[in-house]
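Chemist: Let me give you the structure first, and then I'll get to my questions.
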Amino acid sequence: MAEITLKKLKIPIKKEIKIFEKKFPSYLRSKIPIFQEINNYLIKIKGKYIRPIFIFLITKMLGNICKKTYDLAYLVELMHTASLIHDDVIDFSNTRRGVLSINAIWQNKTAVIFGDYIFSKSLNIAIKNNYKDYLNIISKTIEKMSEGEIFQIEFFNKMNINKSIYEKIIFKKTAIMIGACCEGGARSINKKKKIILEMKKFGELAGMAFQIKDDLLDYENVKNLNINYYLILKEIKMTLPFIYTLKKSSKKNKQWLFNLFKKKKINFIFYNKILIFIKKFGGKEYSIFQIKLLTNKTLLILNKYYKNKANESLKNVIFFNKKRKF
């Protein structure tokens with residue numbers, strides 16, 4: 001599977017991303033000392049801005065980036081930041097992007113309130129500019145993402161998850177937001193309804209493929225004393241390679257897996273056995289095949305549009321080499 005670096009991906013929108021990165025911290029500013037302290041910390045551990053990248057690439061493929069496009073990028077990244085802060089609280093996670101999470105430093109109550117505060121700032125962008133279309137997109141997206149979170153919690157401690165359930169979870173948790181970014185990008189330059197819907201569909205398909213590829217990072221054979229292999233194993237249970245392997249396994253092998261999940265302490269040796277087991281049954285290869293199917297569907301959409309540099313980057317975005325930091 002071909003890989004592409006983030007630097008190459010951003011070439012067509014290099015100027016726009018630079019403007020975004022310069023201005024985005026201003027939306028995080030606060031007069032409340034503890035909030036500003038957290039803001040300063042967040043700025044230092046900035047993300048890869050994948051969602052703004054989708055927004056800018058889609059818009060640039062279709063036309064010229066404008067103020068409304070930038071506003072969408074700020075709005076979405078604030079929303080995404082708020083959701084990550086809340087996710088860390090829900091998942092009892094003490095790290096984010098290789099460093100301590102907000103809840104690990106400032107505790108859960110402060111993290112939840114701060115997440116709400118950041119989310120309200122994203123809404124303010126839409127309200128102040130009278131972006132009714134964006135408010136409609138946001139409300140629907142948050143509704144679906146919340147459903148996806150609850151659905152995942154419901155199945156997190158069960159072993160009966162199947163491909164249909166998995167697809168429903170990643171569609172609501174990841175794909176719906178990417179779809180909203182692409183839809184919003186097209187709306188920012190007043191494209192026709194047919195184009196807007198096609199961009200939304202492209203984003204949802206790309207988001208599904210992107211999440212499956214991200215799940216494959218759980219199968220990296222990495223030995224690290226700081227990793228909680230038990231938590232990773234619990235997460236692996238919610239990924240496509242594992243679901244496929246479980247379906248293909250014999251009754252004896254399924255029982256072995258069930259017993260393994262009952263253990264509270266999992267070391268690298270046990271974790272590595274799982275990786276070997278999944279590799280043996282072709283779980284990773286099956287997942288890669290599913291990524292290719294989804295990618296081909298995105299290409300069918302993109303091939304209808306302008307053959308410019310932004311279009312080429314969108315064709316490669318799924319294969320961006322997102323390296324995980326432990």
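Naming works like this for the structure tokens: A, B, ... for the chains as they're shown, residue 1 at the start of each chain, ligands 1 onward in shown order.
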I want to know what sits within 12 Å of Ile150 in chain A, based on only C-alpha atoms, with residues of the same chain fewer than 3 positions away left out; could you give that as a list in words?
Modeler: Asp87, Ile90, Glu143, Lys144, Met145, Ser146, Glu147, Ile153, Glu154, Phe155, Phe156, Lys168, Ile169, Lys172 and Lys173 of chain A
Chemist: Let me see the file: selected residues, all heavy atoms, as a compact mmCIF listing (two decimals), in the first residue's frame.
Modeler:
```txt
# COMPACT_ATOMS: atom_id res chain seq x y z
N ASP A 87 -13.22 12.59 24.95
CA ASP A 87 -12.89 11.18 24.71
C ASP A 87 -11.87 10.67 25.73
O ASP A 87 -11.97 9.54 26.23
CB ASP A 87 -12.33 10.98 23.30
CG ASP A 87 -13.41 10.98 22.24
OD1 ASP A 87 -14.60 10.96 22.61
OD2 ASP A 87 -13.07 11.01 21.05
N ILE A 90 -13.62 9.96 28.96
CA ILE A 90 -14.45 8.75 28.84
C ILE A 90 -13.59 7.49 28.83
O ILE A 90 -13.92 6.48 29.47
CB ILE A 90 -15.30 8.80 27.55
CG1 ILE A 90 -16.33 9.93 27.64
CG2 ILE A 90 -16.00 7.47 27.29
CD1 ILE A 90 -17.00 10.27 26.32
N GLU A 143 -24.89 14.87 16.81
CA GLU A 143 -25.90 13.85 17.15
C GLU A 143 -25.42 12.46 16.77
O GLU A 143 -25.47 11.53 17.58
CB GLU A 143 -27.21 14.17 16.41
CG GLU A 143 -28.32 13.16 16.65
CD GLU A 143 -29.54 13.40 15.78
OE1 GLU A 143 -29.66 14.50 15.19
OE2 GLU A 143 -30.37 12.48 15.67
N LYS A 144 -24.91 12.31 15.54
CA LYS A 144 -24.45 11.01 15.06
C LYS A 144 -23.19 10.54 15.78
O LYS A 144 -23.05 9.36 16.10
CB LYS A 144 -24.20 11.06 13.55
CG LYS A 144 -25.44 11.36 12.70
CD LYS A 144 -26.50 10.30 12.88
CE LYS A 144 -27.74 10.62 12.04
NZ LYS A 144 -28.84 9.65 12.28
N MET A 145 -22.27 11.48 16.05
CA MET A 145 -21.04 11.12 16.76
C MET A 145 -21.35 10.64 18.18
O MET A 145 -20.73 9.69 18.66
CB MET A 145 -20.09 12.32 16.80
CG MET A 145 -19.43 12.62 15.47
SD MET A 145 -18.41 14.12 15.50
CE MET A 145 -17.09 13.62 16.61
N SER A 146 -22.31 11.28 18.83
CA SER A 146 -22.71 10.87 20.19
C SER A 146 -23.32 9.47 20.16
O SER A 146 -23.05 8.64 21.04
CB SER A 146 -23.72 11.87 20.76
OG SER A 146 -23.16 13.16 20.85
N GLU A 147 -24.13 9.20 19.13
CA GLU A 147 -24.71 7.86 18.98
C GLU A 147 -23.62 6.83 18.79
O GLU A 147 -23.68 5.72 19.35
CB GLU A 147 -25.66 7.84 17.79
CG GLU A 147 -26.96 8.62 17.99
CD GLU A 147 -27.82 8.71 16.75
OE1 GLU A 147 -27.39 8.21 15.68
OE2 GLU A 147 -28.92 9.29 16.83
N ILE A 153 -19.49 2.08 23.40
CA ILE A 153 -19.46 1.73 24.83
C ILE A 153 -20.29 0.48 25.08
O ILE A 153 -19.90 -0.40 25.85
CB ILE A 153 -19.97 2.91 25.68
CG1 ILE A 153 -18.96 4.07 25.64
CG2 ILE A 153 -20.23 2.48 27.12
CD1 ILE A 153 -19.48 5.37 26.22
N GLU A 154 -21.44 0.40 24.41
CA GLU A 154 -22.34 -0.75 24.57
C GLU A 154 -21.66 -2.07 24.20
O GLU A 154 -21.87 -3.09 24.84
CB GLU A 154 -23.59 -0.54 23.70
CG GLU A 154 -24.62 -1.64 23.82
CD GLU A 154 -25.79 -1.46 22.87
OE1 GLU A 154 -25.94 -0.36 22.30
OE2 GLU A 154 -26.54 -2.43 22.67
N PHE A 155 -20.82 -2.02 23.14
CA PHE A 155 -20.20 -3.26 22.66
C PHE A 155 -18.75 -3.45 23.12
O PHE A 155 -18.14 -4.46 22.81
CB PHE A 155 -20.24 -3.29 21.12
CG PHE A 155 -21.58 -3.67 20.57
CD1 PHE A 155 -22.52 -2.71 20.25
CD2 PHE A 155 -21.93 -5.01 20.40
CE1 PHE A 155 -23.76 -3.04 19.75
CE2 PHE A 155 -23.17 -5.36 19.90
CZ PHE A 155 -24.09 -4.38 19.57
N PHE A 156 -18.23 -2.47 23.88
CA PHE A 156 -16.80 -2.50 24.23
C PHE A 156 -16.41 -3.75 25.02
O PHE A 156 -15.34 -4.31 24.81
CB PHE A 156 -16.42 -1.24 25.02
CG PHE A 156 -14.94 -1.05 25.14
CD1 PHE A 156 -14.19 -0.62 24.05
CD2 PHE A 156 -14.29 -1.30 26.34
CE1 PHE A 156 -12.82 -0.44 24.15
CE2 PHE A 156 -12.91 -1.12 26.45
CZ PHE A 156 -12.18 -0.69 25.35
N LYS A 168 -20.94 0.54 11.48
CA LYS A 168 -21.87 1.53 12.03
C LYS A 168 -21.15 2.45 13.01
O LYS A 168 -21.36 3.67 13.01
CB LYS A 168 -23.03 0.81 12.73
CG LYS A 168 -24.15 1.73 13.16
CD LYS A 168 -25.32 0.93 13.72
CE LYS A 168 -26.47 1.84 14.15
NZ LYS A 168 -27.62 1.05 14.68
N ILE A 169 -20.28 1.88 13.83
CA ILE A 169 -19.53 2.66 14.83
C ILE A 169 -18.57 3.62 14.17
O ILE A 169 -18.54 4.82 14.49
CB ILE A 169 -18.77 1.72 15.81
CG1 ILE A 169 -19.77 0.98 16.72
CG2 ILE A 169 -17.77 2.53 16.66
CD1 ILE A 169 -19.15 -0.11 17.57
N LYS A 172 -20.25 6.56 12.32
CA LYS A 172 -20.76 7.63 13.18
C LYS A 172 -19.65 8.35 13.93
O LYS A 172 -19.73 9.55 14.17
CB LYS A 172 -21.79 7.06 14.17
CG LYS A 172 -23.06 6.59 13.46
CD LYS A 172 -24.19 6.31 14.42
CE LYS A 172 -25.49 6.02 13.67
NZ LYS A 172 -26.65 5.94 14.55
N LYS A 173 -18.61 7.63 14.31
CA LYS A 173 -17.53 8.24 15.11
C LYS A 173 -16.54 9.03 14.26
O LYS A 173 -16.01 10.04 14.71
CB LYS A 173 -16.78 7.16 15.89
CG LYS A 173 -17.49 6.68 17.13
CD LYS A 173 -16.55 5.95 18.06
CE LYS A 173 -15.51 6.90 18.62
NZ LYS A 173 -14.51 6.26 19.48
```
Chemist: So which residues touch Gly282 in chain A within 12 Å, counting only C-alpha atoms, skipping near sequence neighbours fewer than 2 positions away, as a list in words?
Modeler: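 Near Gly282 in chain A, the qualifying residues are Leu240, Pro241, Phe242, Ile243, Tyr244, Thr245, Leu246, Lys247, Lys248, Ser249, Leu275, Ile276, Phe277, Ile278, Lys279, Lys280, Lys284, Glu285, Tyr286, Ser287, Ile288 and Phe289 of chain A.
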Chemist: Using only C-alpha atoms for the distances, tell me which of A:Leu75, A:Ile196, A:Ile189, A:Ile301 is nearest to Ala126 in chain A.
Modeler: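 The closest residue to Ala126 in chain A is A:Leu75.
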Chemist: Which one is closest to Val112 in chain A: A:Lys254, A:Lys23, A:Lys128, A:His86? Count only C-alpha atoms.
Modeler: A:His86
Chemist: Skipping near chain neighbours, those fewer than 4 positions away, what residues fall within 12 Å of range 97-111 of chain A using only C-alpha atoms, listed as a ChimeraX atom specification?
Modeler: /A:34-35,37-42,44-48,81-93,115-118,226-227,322-326
Chemist: From range 49-129 of chain A, collect each residue whose DSSP state is helix (DSSP H, G or I) and return the set as a PyMOL selection string.
Modeler: chain A and resi 50-62+67-90+102-128
Chemist: Okay, now the selection with C-alpha atoms, as an mmCIF file, in the first residue's frame?
Modeler:
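New file selection.cif:
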```
data_model
loop_
_atom_site.group_PDB
_atom_site.id
_atom_site.type_symbol
_atom_site.label_atom_id
_atom_site.label_comp_id
_atom_site.auth_asym_id
_atom_site.auth_seq_id
_atom_site.Cartn_x
_atom_site.Cartn_y
_atom_site.Cartn_z
ATOM 1 C CA ILE A 50 -6.504 16.468 9.107
ATOM 2 C CA ARG A 51 -10.037 17.876 9.063
ATOM 3 C CA PRO A 52 -9.027 21.393 7.971
ATOM 4 C CA ILE A 53 -6.852 19.732 5.318
ATOM 5 C CA PHE A 54 -9.939 17.964 3.934
ATOM 6 C CA ILE A 55 -11.874 21.253 3.985
ATOM 7 C CA PHE A 56 -9.188 23.231 2.150
ATOM 8 C CA LEU A 57 -8.448 20.500 -0.417
ATOM 9 C CA ILE A 58 -12.119 19.974 -1.290
ATOM 10 C CA THR A 59 -12.727 23.719 -1.630
ATOM 11 C CA LYS A 60 -9.583 24.298 -3.676
ATOM 12 C CA MET A 61 -10.433 21.417 -5.989
ATOM 13 C CA LEU A 62 -13.846 23.000 -6.650
ATOM 14 C CA LYS A 67 -13.441 33.554 4.454
ATOM 15 C CA LYS A 68 -16.317 31.123 4.986
ATOM 16 C CA THR A 69 -13.963 28.240 4.193
ATOM 17 C CA TYR A 70 -11.482 29.397 6.835
ATOM 18 C CA ASP A 71 -14.286 29.877 9.360
ATOM 19 C CA LEU A 72 -15.409 26.291 8.771
ATOM 20 C CA ALA A 73 -11.856 25.051 9.346
ATOM 21 C CA TYR A 74 -11.601 26.945 12.665
ATOM 22 C CA LEU A 75 -15.071 25.771 13.702
ATOM 23 C CA VAL A 76 -14.411 22.109 12.907
ATOM 24 C CA GLU A 77 -10.989 22.007 14.555
ATOM 25 C CA LEU A 78 -12.444 23.520 17.737
ATOM 26 C CA MET A 79 -15.197 20.880 17.670
ATOM 27 C CA HIS A 80 -12.647 18.143 17.109
ATOM 28 C CA THR A 81 -10.446 19.429 19.955
ATOM 29 C CA ALA A 82 -13.422 19.444 22.340
ATOM 30 C CA SER A 83 -14.385 15.889 21.342
ATOM 31 C CA LEU A 84 -10.823 14.605 21.917
ATOM 32 C CA ILE A 85 -10.729 16.143 25.401
ATOM 33 C CA HIS A 86 -14.038 14.492 26.269
ATOM 34 C CA ASP A 87 -12.893 11.181 24.713
ATOM 35 C CA ASP A 88 -9.828 11.097 26.977
ATOM 36 C CA VAL A 89 -12.066 11.495 30.026
ATOM 37 C CA ILE A 90 -14.448 8.750 28.838
ATOM 38 C CA ILE A 102 -5.712 17.493 29.692
ATOM 39 C CA ASN A 103 -7.578 15.320 32.203
ATOM 40 C CA ALA A 104 -4.323 13.777 33.439
ATOM 41 C CA ILE A 105 -2.943 17.213 34.368
ATOM 42 C CA TRP A 106 -6.057 19.224 35.305
ATOM 43 C CA GLN A 107 -8.380 16.330 36.296
ATOM 44 C CA ASN A 108 -11.649 15.166 34.768
ATOM 45 C CA LYS A 109 -14.005 17.926 35.943
ATOM 46 C CA THR A 110 -11.856 20.709 34.543
ATOM 47 C CA ALA A 111 -11.291 18.749 31.307
ATOM 48 C CA VAL A 112 -15.041 18.243 30.728
ATOM 49 C CA ILE A 113 -15.851 21.911 31.425
ATOM 50 C CA PHE A 114 -12.979 23.063 29.222
ATOM 51 C CA GLY A 115 -14.174 20.766 26.416
ATOM 52 C CA ASP A 116 -17.630 22.342 26.668
ATOM 53 C CA TYR A 117 -16.023 25.797 26.617
ATOM 54 C CA ILE A 118 -14.090 25.017 23.410
ATOM 55 C CA PHE A 119 -17.203 23.554 21.822
ATOM 56 C CA SER A 120 -19.175 26.743 22.599
ATOM 57 C CA LYS A 121 -16.443 28.752 20.866
ATOM 58 C CA SER A 122 -16.963 26.691 17.706
ATOM 59 C CA LEU A 123 -20.698 27.427 17.765
ATOM 60 C CA ASN A 124 -20.002 31.135 18.208
ATOM 61 C CA ILE A 125 -18.211 31.233 14.856
ATOM 62 C CA ALA A 126 -21.327 29.961 13.088
ATOM 63 C CA ILE A 127 -23.719 32.164 15.073
ATOM 64 C CA LYS A 128 -21.750 35.421 14.703
#
```
Chemist: Which one is closest to Lys200 in chain A: A:Ile43, A:Ile17, A:Leu300, A:Ile176? Count only C-alpha atoms.
Modeler: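 Among A:Ile43, A:Ile17, A:Leu300, A:Ile176, it is A:Ile176 that comes nearest to Lys200 in chain A.
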Chemist: Can you measure CA of Cys182 in chain A to CA of Asp218 in chain A for me? One decimal in Å is fine.
Modeler: 27.2 Å
Chemist: Distance CA of Met208 in chain A-CA of Glu149 in chain A, one decimal place?
Modeler: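 Going from CA of Met208 in chain A over to CA of Glu149 in chain A, I get 15.6 Å.
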Chemist: Point out the residue among A:Trp256, A:Phe319, A:Phe270, A:Tyr49 with the least atom-to-atom distance to Thr295 in chain A, counting only C-alpha atoms.
Modeler: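 So, comparing all the options, the nearest one is A:Phe319.
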Chemist: Rounded to one decimal in Å, what is the spacing between CA of Met238 in chain A and CA of Asp215 in chain A?
Modeler: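 Computed distance, CA of Met238 in chain A to CA of Asp215 in chain A, equals 8.8 Å.
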Chemist: For a quick check of understanding, using only C-alpha atoms, which of A:Gln152, A:Thr5, A:Asn311, A:Thr141 has the smallest distance to Ala175 in chain A?
Modeler: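 For Ala175 in chain A, the nearest of the candidates is A:Thr141.
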Chemist: Select, from A:Tyr305, A:Phe210, A:Phe268, A:Phe202, the residue with the minimum atom-to-atom distance to Thr174 in chain A, counting only C-alpha atoms.
Modeler: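 The shortest atom-to-atom distance to Thr174 in chain A comes from A:Phe210.
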